[in-house]
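Written below as structure tokens is the structure these notes are about.
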Amino acid sequence: MSTLSPLPKIGTPSRAWRSRADAWEFLGYAIKQLAFDPYAGSSDSGLHSQISRTFALLEAVEPYWAEPGVAAVAQLRHLVNDGDPHAALELLAGLAHLPLASGAEHGSSSGLVQESLEDEIAPAEQAERPRFEVLLVDNITAQEAEALKGSMAAQRRPSDAFTYEINVVPSYEDALVAVLLNPDIQAVILRPGFSVRSSRQLGTDLRRFLAGHTPEGLQALRPVKRILGLAEEISGLRPELDVYLVAGVSIESLAGSLTRKFRRIFRRQDHLDLHLSLLSGVAERYEAPFFTALQDYSRRPASVFHALPISRGGSVGNSPWIRDMADFYGTNLLLAETSATSGGLDSLLDPHGSIKQAQDLAARALRSAENLLRYQWHVHGQQDRSSVSAGSWRRCAG
């Protein structure tokens, strides 16, 4: 049996997303070495001490991610401590949504260990729905957290456009750290039972950050005031997030004073409504009016009488000489060809349709009063840059 030597705990680093990706990638490499190289586990190699430091780092950052999470890290550490790297490798291969520093597939652990495992999946099963994470802030037990996750998972339907996982943190400070470090979080659910201080060891820079965002006397405030304060801090850090309140009292008495701070307020038993609201909120941000219109346009049958010889790919696909051009660029690019003479999608000079909607959404994302998309004017093959970038055109409110 090989036991990892105990090391001091590692505080959560501020650049956790990068450190986390590096740690998971190294862990996959190191466990493979233990499994297949008989000399890798010797005391001279130093591999066990490196693995121990990696586990310590993951134990510091994984509480702020829903997947793989602290439970997976604990299982992996237990298997390595018991001298069973093959079982650890198998467990690692089954973990979903590993962050990989090499830029490998984010949705699975294939970049780490799938080289040694056969994984034949039907093409229809490979397509994954967009995934996000939901942060729930409440000081509840592990059993209560699992029960809540199960109740929310039971609301899922095959027709849902997105899928999500819930991560529970117990305190005001943990919520701010999670929102700061984890870009996968797209919605936050607040419940009145959360505490103020984090019990975790945090890095110096994170403690300095929390000192500037945790007001004095917060512990003495009424729960409603603490909830409002946390909602304001989250909105200030990441204004794009949807913040919801789940109250244990009559929500009618809270609706008047809290509605402006939250997208919606729910009772604890309103699991289906909460589930639908989570999906609806993300769907609004996922909307891309011009791209959607371009996709719809490319699927329409159309006869194009255009000066250019492309004609939605007809002259390319039927040519005995340049058919490889269609293979290189793809038919979607050719089918999406549009111009004023072929009907187009909207006008950049006087937008009223999908371009106008896209500009409005861009203005909202950039917190500006107005946003104009960039366009280029082509005359006889000469390119005249008739406008500047959207960022230069936007007029900031206030």
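Letters A, B, ... go to the chains of the structure tokens in the order shown; residues in each chain start at 1; ligands are counted from 1 in the same order.
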(message) Excluding Asp242 (chain A) and its own-chain neighbours fewer than 4 positions away, which residues fall within 7 Å of it when counting only C-alpha atoms? Please give them as a PyMOL selection string.
(response) chain A and resi 186-188+263+281
Neighbouring residues of Ala178 (chain A) were defined as those with any atom within 12 Å, considering only C-alpha atoms; residues of the same chain fewer than 3 positions away were excluded. Please report them as a PDB file with C-alpha atoms, in the first residue's frame.
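Okay, selection-v7.pdb is ready:
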```
ATOM      1  CA  THR A  12      -7.622  28.822  -2.732  1.00  0.00           C
ATOM      2  CA  PRO A  13      -5.677  30.815  -5.365  1.00  0.00           C
ATOM      3  CA  SER A  14      -7.224  33.777  -7.133  1.00  0.00           C
ATOM      4  CA  ARG A  15      -6.393  32.337 -10.565  1.00  0.00           C
ATOM      5  CA  ALA A  16      -8.162  29.149  -9.647  1.00  0.00           C
ATOM      6  CA  TRP A  17      -9.566  28.448 -13.115  1.00  0.00           C
ATOM      7  CA  ALA A  60      -9.095  24.029  -2.184  1.00  0.00           C
ATOM      8  CA  VAL A  61     -10.758  24.985  -5.485  1.00  0.00           C
ATOM      9  CA  GLU A  62     -13.295  22.238  -6.242  1.00  0.00           C
ATOM     10  CA  PRO A  63     -15.813  23.456  -3.601  1.00  0.00           C
ATOM     11  CA  TYR A  64     -16.567  26.316  -5.989  1.00  0.00           C
ATOM     12  CA  TRP A  65     -17.451  24.063  -8.927  1.00  0.00           C
ATOM     13  CA  ALA A  66     -20.351  21.626  -9.226  1.00  0.00           C
ATOM     14  CA  GLU A 133     -23.835  25.778 -13.291  1.00  0.00           C
ATOM     15  CA  VAL A 134     -26.177  27.210 -10.678  1.00  0.00           C
ATOM     16  CA  LEU A 135     -24.847  28.463  -7.365  1.00  0.00           C
ATOM     17  CA  LEU A 136     -27.119  27.940  -4.357  1.00  0.00           C
ATOM     18  CA  VAL A 137     -26.182  29.830  -1.199  1.00  0.00           C
ATOM     19  CA  ASN A 167     -23.365  23.674  -6.419  1.00  0.00           C
ATOM     20  CA  VAL A 168     -24.130  24.582  -2.799  1.00  0.00           C
ATOM     21  CA  VAL A 169     -21.936  26.929  -0.744  1.00  0.00           C
ATOM     22  CA  PRO A 170     -22.722  27.826   2.866  1.00  0.00           C
ATOM     23  CA  SER A 171     -21.666  31.439   3.289  1.00  0.00           C
ATOM     24  CA  TYR A 172     -21.710  35.000   1.993  1.00  0.00           C
ATOM     25  CA  GLU A 173     -17.940  34.944   1.432  1.00  0.00           C
ATOM     26  CA  ASP A 174     -17.989  31.563  -0.326  1.00  0.00           C
ATOM     27  CA  ALA A 175     -20.677  32.865  -2.682  1.00  0.00           C
ATOM     28  CA  LEU A 181     -13.638  32.254  -9.809  1.00  0.00           C
ATOM     29  CA  ASN A 182     -16.154  30.094 -11.668  1.00  0.00           C
ATOM     30  CA  PRO A 183     -17.242  31.383 -15.103  1.00  0.00           C
ATOM     31  CA  ASP A 184     -19.604  28.421 -15.553  1.00  0.00           C
ATOM     32  CA  ILE A 185     -22.001  29.916 -13.002  1.00  0.00           C
ATOM     33  CA  GLN A 186     -24.890  31.558 -14.845  1.00  0.00           C
ATOM     34  CA  ALA A 187     -27.484  31.826 -12.076  1.00  0.00           C
ATOM     35  CA  VAL A 188     -27.481  32.255  -8.296  1.00  0.00           C
ATOM     36  CA  SER A 198     -16.069  31.183   4.976  1.00  0.00           C
ATOM     37  CA  LEU A 202      -8.300  31.289   1.202  1.00  0.00           C
ATOM     38  CA  LEU A 206      -8.862  36.577  -2.026  1.00  0.00           C
ATOM     39  CA  LEU A 210     -13.411  39.814   0.507  1.00  0.00           C
ATOM     40  CA  ILE A 234     -23.137  39.583  -6.934  1.00  0.00           C
ATOM     41  CA  LEU A 237     -19.311  41.601  -9.744  1.00  0.00           C
ATOM     42  CA  ARG A 238     -21.198  39.895 -12.568  1.00  0.00           C
TER      43      ARG A 238
END
```
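Closest approach to His48 (chain A) among A:Val177, A:Ala326, A:Ala283, A:Leu27 is made by A:Leu27 (distances from only C-alpha atoms).
Near region 273-276 of chain A, within a cut-off of 10 Å and counting only C-alpha atoms, sit the residues Met152, Ala153, Ala154, Gln155, Arg156, Asp160, Tyr164, Ile189, Tyr244, Leu245, Val246, Arg264, Ile265, Phe266 and Arg267 of chain A, with same-chain residues fewer than 6 positions away left out.
CA of Ser235 (chain A) to CA of Glu128 (chain A) spans 29.3 Å [interatomic distance, one decimal].
Take the candidates A:Asp350, A:Glu240, A:Asp327, A:Asp270 and check each one against Glu284 (chain A) using only C-alpha atoms; the shortest distance goes to A:Glu240.
Between Arg268 (chain A) and the candidates A:Leu361, A:Val243, A:Leu230, A:Leu148, the tightest atom-to-atom separation, counting only C-alpha atoms, involves A:Leu148.
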(message) To test your reading of the structure, identify every residue in region 139-328 of chain A that backbone DSSP assigns to strand (DSSP E), and report it as a VMD selection string.
(response) chain A and resid 163 to 169 185 to 190 242 to 247 264 to 267
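CA of Ser199 (chain A) sits 27.2 Å away from CA of Ser151 (chain A).
Minimum atom-to-atom distance to Glu287 (chain A), evaluated using only C-alpha atoms, belongs to A:Ala161 out of A:Ala161, A:Leu345, A:Leu366, A:Leu92.
Of the residues listed (A:Pro320, A:Pro99, A:Gly193, A:Gly94), A:Gly193 shows the shortest atom-to-atom separation from Ile140 (chain A); distances use only C-alpha atoms.
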